[in-house]
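Here the structure is laid out as structure tokens; the discussion comes afterwards.
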Amino acid sequence: MSGTTAGALTQHYTLNTMAEDQARAGEEYKLERNSELRFEVDSKSSVQLEVLVVGPTDVGKSTVCRLLINYAVRMGRSPVLADLDVGQVCALVMERAADVEEGYMQTAPLVFHFGHKSPADNITLFNILTSRLAEVINVRSEQSHRVNTSGVIINTGGWVRGTGYDAIKHGAGAFEVDVILVLDQERLYNQLKSDMPDFVKIVLLPKSGGVVERSQHARAEARDSRIREYFYGIRNTLFPHTFDVKFSDVKIFKIGAPSLPESCLPLGMKAQDNKTKLIPVLPTMTLLHHVLSVSAANSPEQNVVETNVLGFVIVTDMDMERSQMTVLAPSPRPLPKSILLVMDIQFMDIK
């Protein structure tokens with residue numbers, strides 16, 4: 001993620017998807033109320049804790065993650081926040097506590113393209129990216145003593161049954177977690193107590209105070225708000241760029257082909273392979289308003305699926321006669337790379 005251009009595309013990316021922020025007083029109260037949330041090592045310890053935060057939707061998982069991050073930073077640490085909530089799979093080294101209004105300082109996060117609204121849309125890809133993220137964080141930790149002794153906080157989505165539970169177990173194994181914090185669901189707590197190794201400490205916590213259930217409409221509005229913040233900033237202090245991109249200058253792909261019976265697949269190919277296949281996308285009007293990830297890969301021959309992205313653009317217009325499209329981007333032309341990955345997510349810049 002190094003380089004000036006990449007930084008320009010990613011420096012305003014928003015990881016936190018909470019609808020509201022909790023005040024610092026609330027954080028301090030929560031720490032006192034749940035003393036098991038505190039790290040059990042002092043700031044000079046060489047022990048690294050990997051903490052997985054799980055639970056159903058709207059129980060305050062992001063709030064707990066922020067609480068732990070802030071506590072670790074105030075101890076002089078630089079913990080890694082890994083976010084497995086969907087839309088993206090990403091991580092960020094935290095150097096300072098989250099601001100009450102603006103959230104985390106998000107300079108050059110590591111982001112992978114998932115592109116769906118739910119892990120259920122492509123659980124094979126989701127698990128591959130989870131493992132890849134854990135692998136990269138492990139390498140980063142080996143290169144930095146401070147990061148290696150600061151720990152990893154892993155946020156998750158609210159899918160906790162069936163395949164969603166399998167994804168939680170996969171994430172716990174990929175990150176080799178030491179602690180799992182289970183919010184507001186005793187059934188999930190008992191399942192994990194039964195399935196996890198004995199060395200993994202599992203803690204049941206109550207629902208975070210002040211958290212309210214959100215409707216699908218409220219979730220969609222929150223997602224649109226975060227996308228808008230990426231381009232314009234929280235207070236509209238950023239000024240994105242609009243420019244034309246020729247179809248011939250980019251290669252557009254979607255990851256994952258529609259599901260087919262194994263009898264219809266080429267000889268030797270498995271259904272799981274179809275879920276990670278790179279599918280070329282023709283530039284048509286169907287791309288209008290879609291969010292596209294700008295891949296760091298130099299060519300389709302690279303492992304595009306497991307390559308990080310440099311940032312995001314939105315297709316605001318398609319000119320089929322001139323064979324070009326207009327994009328909204330956080331940095332001026334040209335695009336840093338030519339490989340674009342299509343998301344299911346759409347955004348209309350109408351405010």
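Going through the structure tokens in order, the chains are called A, B, and so on, while each chain numbers its residues from 1 and the ligands are numbered from 1 in the order shown.
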Exercise for the section: Considering only C-alpha atoms, return as number ranges by chain whatever protein or nucleic-acid residues lie within 7 Å of stretch 69-84 of chain A, sequence-local ones (same chain, fewer than 3 positions apart) excluded. Expected result: A: 43, 65-66, 89-98, 146-147, 150-157
For the residues selected in the previous step, produce a file with C-alpha atoms as a PDB file, in the first residue's frame.
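Final file, out.pdb:
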```pdb
ATOM      1  CA  SER A  43       2.487  -2.079  27.909  1.00  0.00           C
ATOM      2  CA  CYS A  65     -13.602  -3.074  19.021  1.00  0.00           C
ATOM      3  CA  ARG A  66     -13.188   0.676  19.295  1.00  0.00           C
ATOM      4  CA  VAL A  89     -11.983  -7.230   4.082  1.00  0.00           C
ATOM      5  CA  CYS A  90      -9.434  -4.840   5.522  1.00  0.00           C
ATOM      6  CA  ALA A  91      -6.921  -4.018   8.249  1.00  0.00           C
ATOM      7  CA  LEU A  92      -5.286  -0.925   9.716  1.00  0.00           C
ATOM      8  CA  VAL A  93      -2.513  -0.320  12.238  1.00  0.00           C
ATOM      9  CA  MET A  94      -3.873   2.044  14.890  1.00  0.00           C
ATOM     10  CA  GLU A  95      -1.485   4.747  16.112  1.00  0.00           C
ATOM     11  CA  ARG A  96      -3.972   6.890  18.022  1.00  0.00           C
ATOM     12  CA  ALA A  97      -7.331   6.553  19.738  1.00  0.00           C
ATOM     13  CA  ALA A  98     -10.491   6.930  17.685  1.00  0.00           C
ATOM     14  CA  ARG A 146       5.767  -2.717  18.198  1.00  0.00           C
ATOM     15  CA  VAL A 147       2.961  -4.180  16.105  1.00  0.00           C
ATOM     16  CA  SER A 150       0.367  -4.767  20.376  1.00  0.00           C
ATOM     17  CA  GLY A 151      -2.168  -7.385  19.380  1.00  0.00           C
ATOM     18  CA  VAL A 152      -4.935  -7.690  16.798  1.00  0.00           C
ATOM     19  CA  ILE A 153      -8.618  -6.794  17.261  1.00  0.00           C
ATOM     20  CA  ILE A 154     -10.878  -8.541  14.740  1.00  0.00           C
ATOM     21  CA  ASN A 155     -14.372  -7.215  14.040  1.00  0.00           C
ATOM     22  CA  THR A 156     -16.939  -9.485  12.374  1.00  0.00           C
ATOM     23  CA  GLY A 157     -20.375  -9.278  10.781  1.00  0.00           C
TER      24      GLY A 157
END
```
Problem - Selection: 9 Å around A:Met348, only C-alpha atoms, excl. self and same-chain fewer than 6 positions, as a ChimeraX atom specification - result: /A:224,289-290,314,316
Exercise for the section: Using DSSP on the backbone coordinates, identify all residues within stretch 131-253 of chain A classified as alpha helix (DSSP H); present the result as a PyMOL selection string. Expected result: chain A and resi 131-143+145-148+163-175+186-195+216-232
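The residue set within 9 Å of stretch 182-194 of chain A, counting only C-alpha atoms and dropping same-chain residues fewer than 3 places from it, reads Leu52, Val53, Val54, Gly55, Pro56, Val59, Gly60, Lys61, Val160, Arg161, Tyr165, Lys169, Pro197, Asp198, Val200, Lys201, Ile202, Val203, Leu204, Leu205, Pro206, Lys207 and Ser208 of chain A.
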How would the residues just chosen look if you wrote them out with C-alpha atoms as a PDB file, in the first residue's frame?
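The result, written out as out_12.pdb:
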```
ATOM      1  CA  LEU A  52     -12.089 -11.925  17.852  1.00  0.00           C
ATOM      2  CA  VAL A  53     -15.349 -10.028  18.525  1.00  0.00           C
ATOM      3  CA  VAL A  54     -18.488 -11.915  17.448  1.00  0.00           C
ATOM      4  CA  GLY A  55     -22.243 -11.715  17.880  1.00  0.00           C
ATOM      5  CA  PRO A  56     -25.480 -11.114  15.965  1.00  0.00           C
ATOM      6  CA  VAL A  59     -25.247  -5.721  19.589  1.00  0.00           C
ATOM      7  CA  GLY A  60     -22.305  -3.307  19.547  1.00  0.00           C
ATOM      8  CA  LYS A  61     -19.388  -5.330  18.127  1.00  0.00           C
ATOM      9  CA  VAL A 160     -23.699 -16.308  13.261  1.00  0.00           C
ATOM     10  CA  ARG A 161     -25.728 -19.330  12.117  1.00  0.00           C
ATOM     11  CA  TYR A 165     -20.833 -19.817  12.114  1.00  0.00           C
ATOM     12  CA  LYS A 169     -14.572 -20.683  13.109  1.00  0.00           C
ATOM     13  CA  PRO A 197      -9.437 -25.437  21.476  1.00  0.00           C
ATOM     14  CA  ASP A 198      -8.961 -25.216  25.243  1.00  0.00           C
ATOM     15  CA  VAL A 200      -8.821 -20.051  23.408  1.00  0.00           C
ATOM     16  CA  LYS A 201     -10.492 -17.980  26.117  1.00  0.00           C
ATOM     17  CA  ILE A 202     -14.164 -17.311  25.354  1.00  0.00           C
ATOM     18  CA  VAL A 203     -15.955 -14.504  27.180  1.00  0.00           C
ATOM     19  CA  LEU A 204     -19.704 -13.800  27.115  1.00  0.00           C
ATOM     20  CA  LEU A 205     -20.545 -10.083  27.288  1.00  0.00           C
ATOM     21  CA  PRO A 206     -23.851  -8.215  27.387  1.00  0.00           C
ATOM     22  CA  LYS A 207     -25.086  -6.083  24.532  1.00  0.00           C
ATOM     23  CA  SER A 208     -23.342  -2.704  24.357  1.00  0.00           C
TER      24      SER A 208
END
```
Problem - Close residues, A:Leu129 itself excluded, 7 Å, only C-alpha atoms, min 4 positions apart in chain, as an MDAnalysis selection string - result: chainID A and resid 89 125 133 306
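The residue that comes closest to A:Asp121, out of A:Lys337, A:Lys251, A:Lys275, A:His170 and on the basis of only C-alpha atoms, is A:Lys275.
Proximity ranking of A:Thr276, A:Gln216, A:Ser299, A:Asn148 relative to A:Lys117 places A:Gln216 first, based on only C-alpha atoms.
Every protein or nucleic acid residue with an atom no more than 7 Å from A:Ile252, counting only C-alpha atoms and leaving out same-chain residues fewer than 4 positions away, appears here: Pro280, Val281, Ile339, Leu340 and Leu341 of chain A.
Atom CA of A:Thr307 is positioned 24.0 Å from atom CA of A:Gly164.
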Problem - Residues near A:Lys246, cut-off 9 Å, only C-alpha atoms, skip fewer than 3 positions along chain, as a ChimeraX atom specification - result: /A:249-250,322-326
Would you save the residues of that selection, restricted to N, CA, C and O atoms, as a CSV table (one decimal), in the first residue's frame?
```csv
chain,number,residue,atom,x,y,z
A,249,ASP,N,-8.5,1.6,-22.0
A,249,ASP,CA,-7.5,1.9,-21.0
A,249,ASP,C,-7.6,1.0,-19.7
A,249,ASP,O,-6.7,1.0,-18.9
A,250,VAL,N,-8.7,0.3,-19.6
A,250,VAL,CA,-9.0,-0.4,-18.4
A,250,VAL,C,-9.4,-1.8,-18.7
A,250,VAL,O,-9.9,-2.1,-19.8
A,322,ARG,N,-18.7,7.1,-27.6
A,322,ARG,CA,-17.3,7.5,-27.5
A,322,ARG,C,-16.4,6.4,-26.8
A,322,ARG,O,-15.2,6.6,-26.6
A,323,SER,N,-17.1,5.3,-26.4
A,323,SER,CA,-16.4,4.2,-25.8
A,323,SER,C,-15.6,4.7,-24.5
A,323,SER,O,-14.4,4.4,-24.4
A,324,GLN,N,-16.3,5.4,-23.7
A,324,GLN,CA,-15.6,5.9,-22.5
A,324,GLN,C,-16.7,6.0,-21.3
A,324,GLN,O,-17.9,6.1,-21.6
A,325,MET,N,-16.2,6.0,-20.1
A,325,MET,CA,-17.1,6.2,-19.0
A,325,MET,C,-16.5,7.3,-18.1
A,325,MET,O,-15.3,7.6,-18.1
A,326,THR,N,-17.4,7.9,-17.3
A,326,THR,CA,-17.0,9.0,-16.4
A,326,THR,C,-17.0,8.4,-15.0
A,326,THR,O,-18.0,7.7,-14.6
```
Could you produce a table of the residues of stretch 106-141 of chain A lying within 7 Å of stretch 171-175 of chain A, with the nearest pair of atoms per residue and their separation in Å rounded to one decimal, using only C-alpha atoms, ordered by chain and increasing residue number, as JSON lines?
```
{"residue": "A:Thr130", "atom": "CA", "partner": "A:Gly171", "partner_atom": "CA", "distance": 6.3}
{"residue": "A:Ser131", "atom": "CA", "partner": "A:Ala174", "partner_atom": "CA", "distance": 5.3}
{"residue": "A:Ala134", "atom": "CA", "partner": "A:Phe175", "partner_atom": "CA", "distance": 5.3}
```
Would you put the residues from that selection into a file with N, CA and C atoms, as a PDB file, in the first residue's frame?
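Saved as out_18.pdb:
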```
ATOM      1  N   THR A 130     -10.203 -13.835   4.171  1.00  0.00           N
ATOM      2  CA  THR A 130      -9.931 -13.845   5.611  1.00  0.00           C
ATOM      3  C   THR A 130      -8.558 -14.446   5.888  1.00  0.00           C
ATOM      4  N   SER A 131      -8.276 -15.572   5.260  1.00  0.00           N
ATOM      5  CA  SER A 131      -6.975 -16.221   5.438  1.00  0.00           C
ATOM      6  C   SER A 131      -5.851 -15.349   4.909  1.00  0.00           C
ATOM      7  N   ALA A 134      -5.165 -12.492   7.363  1.00  0.00           N
ATOM      8  CA  ALA A 134      -4.437 -12.994   8.529  1.00  0.00           C
ATOM      9  C   ALA A 134      -2.970 -13.232   8.190  1.00  0.00           C
TER      10      ALA A 134
END
```
Exercise for the section: Find, counting only C-alpha atoms, the residue in A:Ile345, A:Leu288, A:Val313, A:Leu278 that gets nearest to A:Ser331. Expected result: A:Val313
Handout entry: Test item, strand (DSSP E) assignment across stretch 59-247 of chain A, answer as a ChimeraX atom specification
Key = /A:80-83,88-93,110-113,152-155,179-183,201-205,241-246
